[in-house]
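Colleague: Provided below: upload-v7.csv, containing CSV, N, CA and C atoms.
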```
chain,number,residue,atom,x,y,z
A,1,MET,N,6.4,14.5,24.7
A,1,MET,CA,5.0,14.1,24.5
A,1,MET,C,5.0,12.5,24.7
A,2,SER,N,4.0,12.0,25.4
A,2,SER,CA,3.9,10.6,25.6
A,2,SER,C,3.0,9.9,24.5
A,3,THR,N,2.8,8.7,24.6
A,3,THR,CA,2.0,7.9,23.6
A,3,THR,C,0.5,8.3,23.7
A,4,VAL,N,0.0,8.4,22.5
A,4,VAL,CA,-1.5,8.7,22.3
A,4,VAL,C,-2.1,7.4,21.9
A,5,HIS,N,-3.2,7.0,22.6
A,5,HIS,CA,-3.9,5.7,22.3
A,5,HIS,C,-5.3,6.1,21.8
A,6,LYS,N,-5.7,5.5,20.6
A,6,LYS,CA,-7.0,5.7,20.0
A,6,LYS,C,-7.5,4.4,19.4
A,7,ILE,N,-8.8,4.3,19.2
A,7,ILE,CA,-9.4,3.1,18.6
A,7,ILE,C,-10.0,3.4,17.3
A,8,GLY,N,-9.8,2.6,16.3
A,8,GLY,CA,-10.5,2.8,15.0
A,8,GLY,C,-11.2,1.5,14.7
A,9,ARG,N,-12.4,1.7,14.0
A,9,ARG,CA,-13.2,0.5,13.7
A,9,ARG,C,-13.7,0.6,12.2
A,10,ARG,N,-13.9,-0.5,11.6
A,10,ARG,CA,-14.4,-0.6,10.2
A,10,ARG,C,-14.9,-2.0,10.0
A,11,LYS,N,-16.2,-2.1,9.6
A,11,LYS,CA,-16.8,-3.4,9.5
A,11,LYS,C,-16.7,-4.2,10.8
A,12,THR,N,-16.1,-5.3,10.8
A,12,THR,CA,-15.9,-6.0,12.1
A,12,THR,C,-14.5,-5.9,12.7
A,13,SER,N,-13.7,-5.1,12.1
A,13,SER,CA,-12.3,-4.9,12.6
A,13,SER,C,-12.2,-3.9,13.6
A,14,VAL,N,-11.4,-4.1,14.6
A,14,VAL,CA,-11.1,-3.1,15.7
A,14,VAL,C,-9.6,-3.0,15.8
A,15,ALA,N,-9.1,-1.8,15.7
A,15,ALA,CA,-7.7,-1.5,15.8
A,15,ALA,C,-7.4,-0.6,17.0
A,16,ARG,N,-6.5,-1.1,17.8
A,16,ARG,CA,-6.0,-0.2,18.9
A,16,ARG,C,-4.7,0.4,18.5
A,17,VAL,N,-4.6,1.7,18.3
A,17,VAL,CA,-3.5,2.4,17.7
A,17,VAL,C,-2.8,3.2,18.8
A,18,TYR,N,-1.4,3.1,18.9
A,18,TYR,CA,-0.6,3.8,19.8
A,18,TYR,C,0.4,4.6,18.9
A,19,VAL,N,0.3,6.0,19.1
A,19,VAL,CA,1.2,6.9,18.3
A,19,VAL,C,2.1,7.6,19.2
A,20,LYS,N,3.4,7.6,18.9
A,20,LYS,CA,4.4,8.3,19.7
A,20,LYS,C,5.4,8.9,18.8
A,21,PRO,N,6.1,10.0,19.2
A,21,PRO,CA,7.2,10.5,18.3
A,21,PRO,C,8.2,9.5,18.0
A,22,GLY,N,8.7,9.5,16.7
A,22,GLY,CA,9.7,8.5,16.3
A,22,GLY,C,10.2,8.8,14.9
A,23,THR,N,10.4,7.7,14.2
A,23,THR,CA,11.0,7.8,12.8
A,23,THR,C,10.1,7.3,11.7
A,24,GLY,N,8.9,7.0,12.0
A,24,GLY,CA,7.9,6.6,11.0
A,24,GLY,C,7.7,5.1,10.8
A,25,ASN,N,8.1,4.4,11.8
A,25,ASN,CA,7.9,2.9,11.8
A,25,ASN,C,6.4,2.6,12.1
A,26,ILE,N,5.8,1.7,11.3
A,26,ILE,CA,4.4,1.2,11.6
A,26,ILE,C,4.5,-0.3,11.9
A,27,THR,N,4.1,-0.7,13.1
A,27,THR,CA,4.1,-2.1,13.5
A,27,THR,C,2.7,-2.5,13.7
A,28,VAL,N,2.3,-3.6,12.9
A,28,VAL,CA,0.9,-4.1,13.1
A,28,VAL,C,1.0,-5.6,13.6
A,29,ASN,N,0.5,-5.8,14.8
A,29,ASN,CA,0.5,-7.1,15.4
A,29,ASN,C,1.9,-7.7,15.4
A,30,GLY,N,2.9,-6.9,15.7
A,30,GLY,CA,4.3,-7.4,15.9
A,30,GLY,C,5.0,-7.5,14.6
A,31,LYS,N,4.4,-7.2,13.5
A,31,LYS,CA,5.1,-7.3,12.2
A,31,LYS,C,5.1,-5.9,11.5
A,32,GLY,N,6.0,-5.7,10.6
A,32,GLY,CA,6.1,-4.4,9.8
A,32,GLY,C,4.8,-4.3,9.0
A,33,ALA,N,4.5,-3.0,8.6
A,33,ALA,CA,3.2,-2.8,7.9
A,33,ALA,C,3.3,-3.5,6.5
A,34,LYS,N,4.5,-3.4,5.8
A,34,LYS,CA,4.7,-4.0,4.5
A,34,LYS,C,4.6,-5.5,4.6
A,35,GLU,N,5.0,-6.1,5.7
A,35,GLU,CA,5.0,-7.5,5.9
A,35,GLU,C,3.6,-8.0,6.2
A,36,TYR,N,2.9,-7.2,7.0
A,36,TYR,CA,1.5,-7.6,7.4
A,36,TYR,C,0.5,-7.5,6.3
A,37,PHE,N,0.6,-6.3,5.6
A,37,PHE,CA,-0.3,-6.0,4.5
A,37,PHE,C,0.5,-6.2,3.2
A,38,SER,N,0.2,-7.2,2.4
A,38,SER,CA,1.1,-7.5,1.3
A,38,SER,C,1.0,-6.5,0.2
A,39,THR,N,-0.1,-5.8,0.0
A,39,THR,CA,-0.2,-4.9,-1.2
A,39,THR,C,0.2,-3.5,-0.8
A,40,ASP,N,0.7,-2.7,-1.8
A,40,ASP,CA,1.1,-1.3,-1.5
A,40,ASP,C,-0.1,-0.4,-1.3
A,41,VAL,N,-1.3,-0.8,-1.8
A,41,VAL,CA,-2.5,0.0,-1.6
A,41,VAL,C,-2.9,0.1,-0.1
A,42,MET,N,-2.8,-1.1,0.6
A,42,MET,CA,-3.1,-1.1,2.0
A,42,MET,C,-2.1,-0.3,2.8
A,43,VAL,N,-0.8,-0.4,2.4
A,43,VAL,CA,0.3,0.4,3.1
A,43,VAL,C,0.0,1.9,2.9
A,44,TYR,N,-0.4,2.2,1.7
A,44,TYR,CA,-0.7,3.6,1.4
A,44,TYR,C,-1.8,4.1,2.3
A,45,LYS,N,-2.8,3.3,2.5
A,45,LYS,CA,-4.0,3.7,3.3
A,45,LYS,C,-3.5,4.0,4.7
A,46,LEU,N,-2.5,3.2,5.3
A,46,LEU,CA,-2.0,3.5,6.6
A,46,LEU,C,-1.3,4.8,6.7
A,47,ASN,N,-0.6,5.2,5.6
A,47,ASN,CA,0.2,6.4,5.5
A,47,ASN,C,-0.6,7.6,5.1
A,48,GLN,N,-1.8,7.5,4.7
A,48,GLN,CA,-2.6,8.6,4.2
A,48,GLN,C,-2.7,9.7,5.2
A,49,PRO,N,-3.0,9.4,6.5
A,49,PRO,CA,-3.2,10.5,7.5
A,49,PRO,C,-1.9,11.3,7.6
A,50,PHE,N,-0.7,10.6,7.6
A,50,PHE,CA,0.6,11.3,7.7
A,50,PHE,C,0.9,12.2,6.5
A,51,ILE,N,0.5,11.7,5.3
A,51,ILE,CA,0.7,12.4,4.0
A,51,ILE,C,-0.1,13.7,4.0
A,52,LEU,N,-1.4,13.6,4.4
A,52,LEU,CA,-2.3,14.8,4.4
A,52,LEU,C,-1.9,15.8,5.5
A,53,SER,N,-1.4,15.3,6.6
A,53,SER,CA,-1.0,16.2,7.7
A,53,SER,C,0.5,16.6,7.6
A,54,GLU,N,1.2,16.1,6.5
A,54,GLU,CA,2.6,16.5,6.3
A,54,GLU,C,3.5,16.1,7.5
A,55,THR,N,3.2,15.0,8.0
A,55,THR,CA,4.0,14.5,9.2
A,55,THR,C,4.7,13.1,8.9
A,56,VAL,N,5.0,12.9,7.6
A,56,VAL,CA,5.6,11.6,7.3
A,56,VAL,C,7.0,11.4,8.0
A,57,GLY,N,7.1,10.3,8.7
A,57,GLY,CA,8.4,10.0,9.3
A,57,GLY,C,8.6,10.7,10.7
A,58,GLN,N,7.6,11.3,11.2
A,58,GLN,CA,7.7,11.9,12.5
A,58,GLN,C,7.2,11.1,13.7
A,59,TYR,N,6.3,10.1,13.4
A,59,TYR,CA,5.7,9.3,14.5
A,59,TYR,C,5.9,7.8,14.2
A,60,ASP,N,6.0,7.1,15.3
A,60,ASP,CA,6.0,5.6,15.3
A,60,ASP,C,4.6,5.2,15.7
A,61,VAL,N,4.1,4.2,15.0
A,61,VAL,CA,2.8,3.6,15.3
A,61,VAL,C,2.9,2.2,15.6
A,62,THR,N,2.2,1.8,16.7
A,62,THR,CA,2.1,0.4,17.1
A,62,THR,C,0.6,0.1,17.1
A,63,VAL,N,0.2,-1.0,16.4
A,63,VAL,CA,-1.2,-1.4,16.3
A,63,VAL,C,-1.5,-2.8,16.7
A,64,ASN,N,-2.5,-3.0,17.5
A,64,ASN,CA,-3.1,-4.3,17.7
A,64,ASN,C,-4.4,-4.3,17.0
A,65,VAL,N,-4.6,-5.2,16.0
A,65,VAL,CA,-5.8,-5.2,15.2
A,65,VAL,C,-6.4,-6.6,15.2
A,66,PHE,N,-7.7,-6.8,15.2
A,66,PHE,CA,-8.3,-8.1,15.1
A,66,PHE,C,-9.7,-8.0,14.5
A,67,GLY,N,-10.1,-9.1,13.9
A,67,GLY,CA,-11.4,-9.1,13.3
A,67,GLY,C,-11.4,-8.6,11.8
A,68,GLY,N,-12.3,-9.1,11.0
A,68,GLY,CA,-12.4,-8.7,9.6
A,68,GLY,C,-11.3,-9.1,8.7
A,69,GLY,N,-11.3,-8.5,7.6
A,69,GLY,CA,-10.3,-8.9,6.6
A,69,GLY,C,-9.3,-7.8,6.4
A,70,ASN,N,-8.5,-7.9,5.3
A,70,ASN,CA,-7.4,-6.9,5.0
A,70,ASN,C,-7.9,-5.5,4.9
A,71,THR,N,-8.9,-5.2,4.1
A,71,THR,CA,-9.4,-3.9,3.8
A,71,THR,C,-10.0,-3.3,5.1
A,72,GLY,N,-10.8,-4.0,5.8
A,72,GLY,CA,-11.4,-3.5,7.0
A,72,GLY,C,-10.4,-3.2,8.1
A,73,GLN,N,-9.3,-4.0,8.2
A,73,GLN,CA,-8.3,-3.8,9.2
A,73,GLN,C,-7.5,-2.5,8.8
A,74,ALA,N,-7.1,-2.4,7.5
A,74,ALA,CA,-6.4,-1.2,7.1
A,74,ALA,C,-7.1,0.1,7.3
A,75,GLU,N,-8.4,0.0,7.0
A,75,GLU,CA,-9.2,1.3,7.2
A,75,GLU,C,-9.5,1.6,8.7
A,76,ALA,N,-9.6,0.5,9.5
A,76,ALA,CA,-9.7,0.7,10.9
A,76,ALA,C,-8.4,1.4,11.5
A,77,ILE,N,-7.3,0.9,11.0
A,77,ILE,CA,-6.0,1.5,11.5
A,77,ILE,C,-5.9,2.9,11.0
A,78,ARG,N,-6.3,3.2,9.8
A,78,ARG,CA,-6.3,4.6,9.3
A,78,ARG,C,-7.1,5.5,10.1
A,79,LEU,N,-8.3,5.1,10.5
A,79,LEU,CA,-9.2,5.9,11.4
A,79,LEU,C,-8.5,6.2,12.7
A,80,GLY,N,-7.9,5.1,13.3
A,80,GLY,CA,-7.2,5.3,14.6
A,80,GLY,C,-6.1,6.2,14.5
A,81,ILE,N,-5.3,6.1,13.5
A,81,ILE,CA,-4.1,7.0,13.3
A,81,ILE,C,-4.6,8.5,13.1
A,82,SER,N,-5.7,8.7,12.3
A,82,SER,CA,-6.2,10.0,12.1
A,82,SER,C,-6.7,10.6,13.4
A,83,ARG,N,-7.4,9.8,14.2
A,83,ARG,CA,-7.9,10.3,15.5
A,83,ARG,C,-6.8,10.7,16.4
A,84,ALA,N,-5.7,9.9,16.4
A,84,ALA,CA,-4.6,10.1,17.3
A,84,ALA,C,-3.9,11.4,16.9
A,85,LEU,N,-3.7,11.6,15.6
A,85,LEU,CA,-3.0,12.8,15.1
A,85,LEU,C,-3.8,14.1,15.5
A,86,CYS,N,-5.2,14.0,15.5
A,86,CYS,CA,-6.0,15.1,15.8
A,86,CYS,C,-5.8,15.5,17.3
A,87,GLU,N,-5.6,14.4,18.1
A,87,GLU,CA,-5.4,14.7,19.6
A,87,GLU,C,-4.0,15.3,19.8
A,88,ILE,N,-3.0,14.9,19.0
A,88,ILE,CA,-1.7,15.5,19.1
A,88,ILE,C,-1.7,17.0,18.7
A,89,ASN,N,-2.3,17.3,17.6
A,89,ASN,CA,-2.4,18.6,17.1
A,89,ASN,C,-3.7,18.9,16.4
A,90,ALA,N,-4.6,19.8,17.0
A,90,ALA,CA,-5.9,20.0,16.5
A,90,ALA,C,-5.9,20.6,15.1
A,91,GLU,N,-4.8,21.2,14.7
A,91,GLU,CA,-4.8,21.8,13.3
A,91,GLU,C,-4.8,20.7,12.2
A,92,PHE,N,-4.4,19.5,12.6
A,92,PHE,CA,-4.4,18.4,11.6
A,92,PHE,C,-5.9,18.1,11.1
A,93,ARG,N,-6.8,18.4,12.0
A,93,ARG,CA,-8.2,18.2,11.7
A,93,ARG,C,-8.7,18.9,10.4
A,94,LEU,N,-8.1,20.0,10.1
A,94,LEU,CA,-8.5,20.8,9.0
A,94,LEU,C,-8.1,20.1,7.7
A,95,ALA,N,-7.0,19.3,7.7
A,95,ALA,CA,-6.6,18.5,6.6
A,95,ALA,C,-7.2,17.2,6.5
A,96,LEU,N,-7.5,16.5,7.6
A,96,LEU,CA,-8.0,15.2,7.6
A,96,LEU,C,-9.5,15.1,7.4
A,97,LYS,N,-10.3,16.1,8.0
A,97,LYS,CA,-11.7,16.0,7.9
A,97,LYS,C,-12.3,16.1,6.5
A,98,PRO,N,-11.8,17.0,5.6
A,98,PRO,CA,-12.3,17.1,4.2
A,98,PRO,C,-12.0,15.8,3.4
A,99,ALA,N,-11.0,15.1,3.8
A,99,ALA,CA,-10.6,13.9,3.1
A,99,ALA,C,-11.4,12.7,3.6
A,100,GLY,N,-12.2,12.9,4.6
A,100,GLY,CA,-13.1,11.8,5.2
A,100,GLY,C,-12.4,10.8,6.0
A,101,LEU,N,-11.2,11.2,6.6
A,101,LEU,CA,-10.5,10.2,7.4
A,101,LEU,C,-10.9,10.2,8.8
A,102,LEU,N,-11.8,11.1,9.2
A,102,LEU,CA,-12.2,11.1,10.6
A,102,LEU,C,-13.6,10.6,10.8
A,103,THR,N,-14.2,10.1,9.7
A,103,THR,CA,-15.6,9.6,9.7
A,103,THR,C,-15.5,8.1,9.9
A,104,ARG,N,-16.3,7.6,10.9
A,104,ARG,CA,-16.4,6.1,11.1
A,104,ARG,C,-17.3,5.6,10.0
A,105,ASP,N,-16.8,4.7,9.1
A,105,ASP,CA,-17.7,4.1,8.1
A,105,ASP,C,-18.6,3.1,8.7
A,106,ALA,N,-19.9,3.4,8.8
A,106,ALA,CA,-20.8,2.6,9.6
A,106,ALA,C,-21.4,1.4,8.8
A,107,ARG,N,-20.9,1.2,7.5
A,107,ARG,CA,-21.5,0.2,6.7
A,107,ARG,C,-21.1,-1.2,7.2
A,108,MET,N,-22.0,-2.1,7.5
A,108,MET,CA,-21.8,-3.4,8.0
A,108,MET,C,-22.4,-4.4,7.0
A,109,VAL,N,-22.1,-5.7,7.2
A,109,VAL,CA,-22.7,-6.7,6.4
A,109,VAL,C,-24.1,-6.9,6.8
A,110,GLU,N,-25.1,-6.9,5.9
A,110,GLU,CA,-26.5,-7.1,6.2
A,110,GLU,C,-26.7,-8.5,6.5
A,111,ARG,N,-27.6,-8.8,7.5
A,111,ARG,CA,-27.8,-10.2,7.9
A,111,ARG,C,-28.6,-11.0,6.9
A,112,LYS,N,-28.4,-12.3,7.0
A,112,LYS,CA,-29.2,-13.2,6.1
A,112,LYS,C,-30.6,-13.3,6.7
A,113,LYS,N,-31.6,-13.3,5.8
A,113,LYS,CA,-33.0,-13.3,6.2
A,113,LYS,C,-33.5,-14.8,6.0
A,114,PRO,N,-34.4,-15.2,6.9
A,114,PRO,CA,-34.9,-16.6,6.8
A,114,PRO,C,-35.8,-16.7,5.5
A,115,GLY,N,-35.8,-17.8,4.9
A,115,GLY,CA,-36.6,-18.0,3.7
A,115,GLY,C,-36.0,-17.4,2.4
A,116,GLN,N,-34.7,-16.9,2.6
A,116,GLN,CA,-34.0,-16.4,1.4
A,116,GLN,C,-32.6,-17.0,1.4
A,117,LYS,N,-32.0,-16.9,0.2
A,117,LYS,CA,-30.7,-17.5,0.0
A,117,LYS,C,-29.6,-16.7,0.7
A,118,LYS,N,-29.6,-15.3,0.6
A,118,LYS,CA,-28.7,-14.4,1.3
A,118,LYS,C,-29.5,-13.3,1.8
A,119,ALA,N,-28.9,-12.2,2.1
A,119,ALA,CA,-29.5,-11.0,2.7
A,119,ALA,C,-30.7,-10.5,1.8
A,120,ARG,N,-30.4,-10.4,0.5
A,120,ARG,CA,-31.4,-9.9,-0.4
A,120,ARG,C,-31.8,-10.9,-1.5
A,121,LYS,N,-30.9,-11.8,-1.9
A,121,LYS,CA,-31.2,-12.7,-2.9
A,121,LYS,C,-32.2,-13.7,-2.4
A,122,ARG,N,-33.2,-14.0,-3.3
A,122,ARG,CA,-34.3,-14.9,-3.0
A,122,ARG,C,-33.9,-16.3,-3.6
A,123,PHE,N,-34.6,-17.3,-3.1
A,123,PHE,CA,-34.6,-18.6,-3.8
A,123,PHE,C,-35.3,-18.5,-5.2
A,124,GLN,N,-34.9,-19.3,-6.1
A,124,GLN,CA,-35.6,-19.2,-7.5
A,124,GLN,C,-37.1,-19.5,-7.4
A,125,PHE,N,-37.8,-18.6,-8.0
A,125,PHE,CA,-39.3,-18.7,-8.0
A,125,PHE,C,-39.8,-19.7,-9.1
A,126,SER,N,-40.6,-20.6,-8.7
A,126,SER,CA,-41.2,-21.5,-9.7
A,126,SER,C,-42.7,-21.3,-9.8
A,127,LYS,N,-43.2,-21.0,-10.9
A,127,LYS,CA,-44.6,-20.7,-11.1
A,127,LYS,C,-45.4,-22.1,-11.0
A,128,ARG,N,-44.8,-23.1,-11.6
A,128,ARG,CA,-45.5,-24.4,-11.7
A,128,ARG,C,-44.6,-25.5,-11.1
```
Let's see the structure in the file written out as structure tokens.

Modeller:
Amino acid sequence: MSTVHKIGRRKTSVARVYVKPGTGNITVNGKGAKEYFSTDVMVYKLNQPFILSETVGQYDVTVNVFGGGNTGQAEAIRLGISRALCEINAEFRLALKPAGLLTRDARMVERKKPGQKKARKRFQFSKR
């Protein structure tokens, strides 16, 4: 089996994910996953699709990710990995879909409105 290429997105992050058979190495922008994401929670998010599909240590993942922050990037990578696993084996969909790993989280930052301090916060109102 050759490499499977999928794209995952979250907020303003875009992750290009390449999955191929291997020993379970995850490389993000040329660094190891533990090195790139300092917290264990982020590394767990990357491994979630493998844990649910019971394929831990069977695939190597190479990722190019840009835009957004830590959480957005981790969740974009998670979506890309989930999509790639579904292409490798359609049966994985039954495990990943109920956990919500195949759904693109469409929530984005709301834009700032003119005449207001932020998107929803107004300037202080003065009666007199």

Colleague: Point out the residue among A:Ile77, A:Gly69, A:Lys45, A:His5 with the least atom-to-atom distance to Thr27 (chain A), counting only C-alpha atoms.

Modeller: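 Among A:Ile77, A:Gly69, A:Lys45, A:His5, it is A:Ile77 that comes nearest to Thr27 (chain A).
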
Colleague: Could you tell me how far CA of Gly57 (chain A) lies from CA of Thr12 (chain A), in Å and to one decimal?

Modeller: 29.2 Å

Colleague: Quick one: distance from atom N of Val109 (chain A) to CA of Gly67 (chain A) in Å, one decimal?

Modeller: 12.8 Å

Colleague: Give the answer as one residue: which of A:Lys117, A:Arg78, A:Arg107, A:Arg83 has the shortest atom-to-atom distance to Val43 (chain A), using only C-alpha atoms?

Modeller: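 Going through A:Lys117, A:Arg78, A:Arg107, A:Arg83 one by one, the smallest distance to Val43 (chain A) is for A:Arg78.
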
Colleague: If I put a ball of radius 6.5 Å at (-7.8, 5.7, 19.0) in the file's coordinates, which residues poke into it when counting all atoms listed in the file, written as JSON, numbers by chain?

Modeller: {"A": [5, 6, 7, 8, 16, 17, 79, 80, 81, 83, 84]}

Colleague: For a quick check of understanding, using only C-alpha atoms, which of A:Ala33, A:Ile51, A:Val61, A:Val41 has the smallest distance to Lys20 (chain A)?

Modeller: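 Closest to Lys20 (chain A), using only C-alpha atoms: A:Val61.
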
Colleague: Report, in Å to a single decimal, how far apart CA of Glu54 (chain A) and CA of Leu94 (chain A) are.

Modeller: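 According to the coordinates, CA of Leu94 (chain A) and CA of Glu54 (chain A) are separated by 12.2 Å.
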
Colleague: Enumerate as a VMD selection string all residues of chain A assigned to alpha helix (DSSP H) by DSSP on the backbone, naming them with the chain letters and numbers the document uses.

Modeller: chain A and resid 33 to 36 40 to 52 70 to 88 93 to 96

Colleague: So, counting all atoms listed in the file, which residue among A:Pro49, A:Val14, A:Tyr36, A:Ala95 is closest to Val65 (chain A)?

Modeller: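 The closest residue to Val65 (chain A) is A:Val14.
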
Colleague: Set the distance at 10 Å and use only C-alpha atoms: which residues neighbour Asn70 (chain A) once local chain neighbours fewer than 5 positions away are removed? I'd like the list as an NGL selection string.

Modeller: :A and (13 or 36-39 or 42 or 75-76)
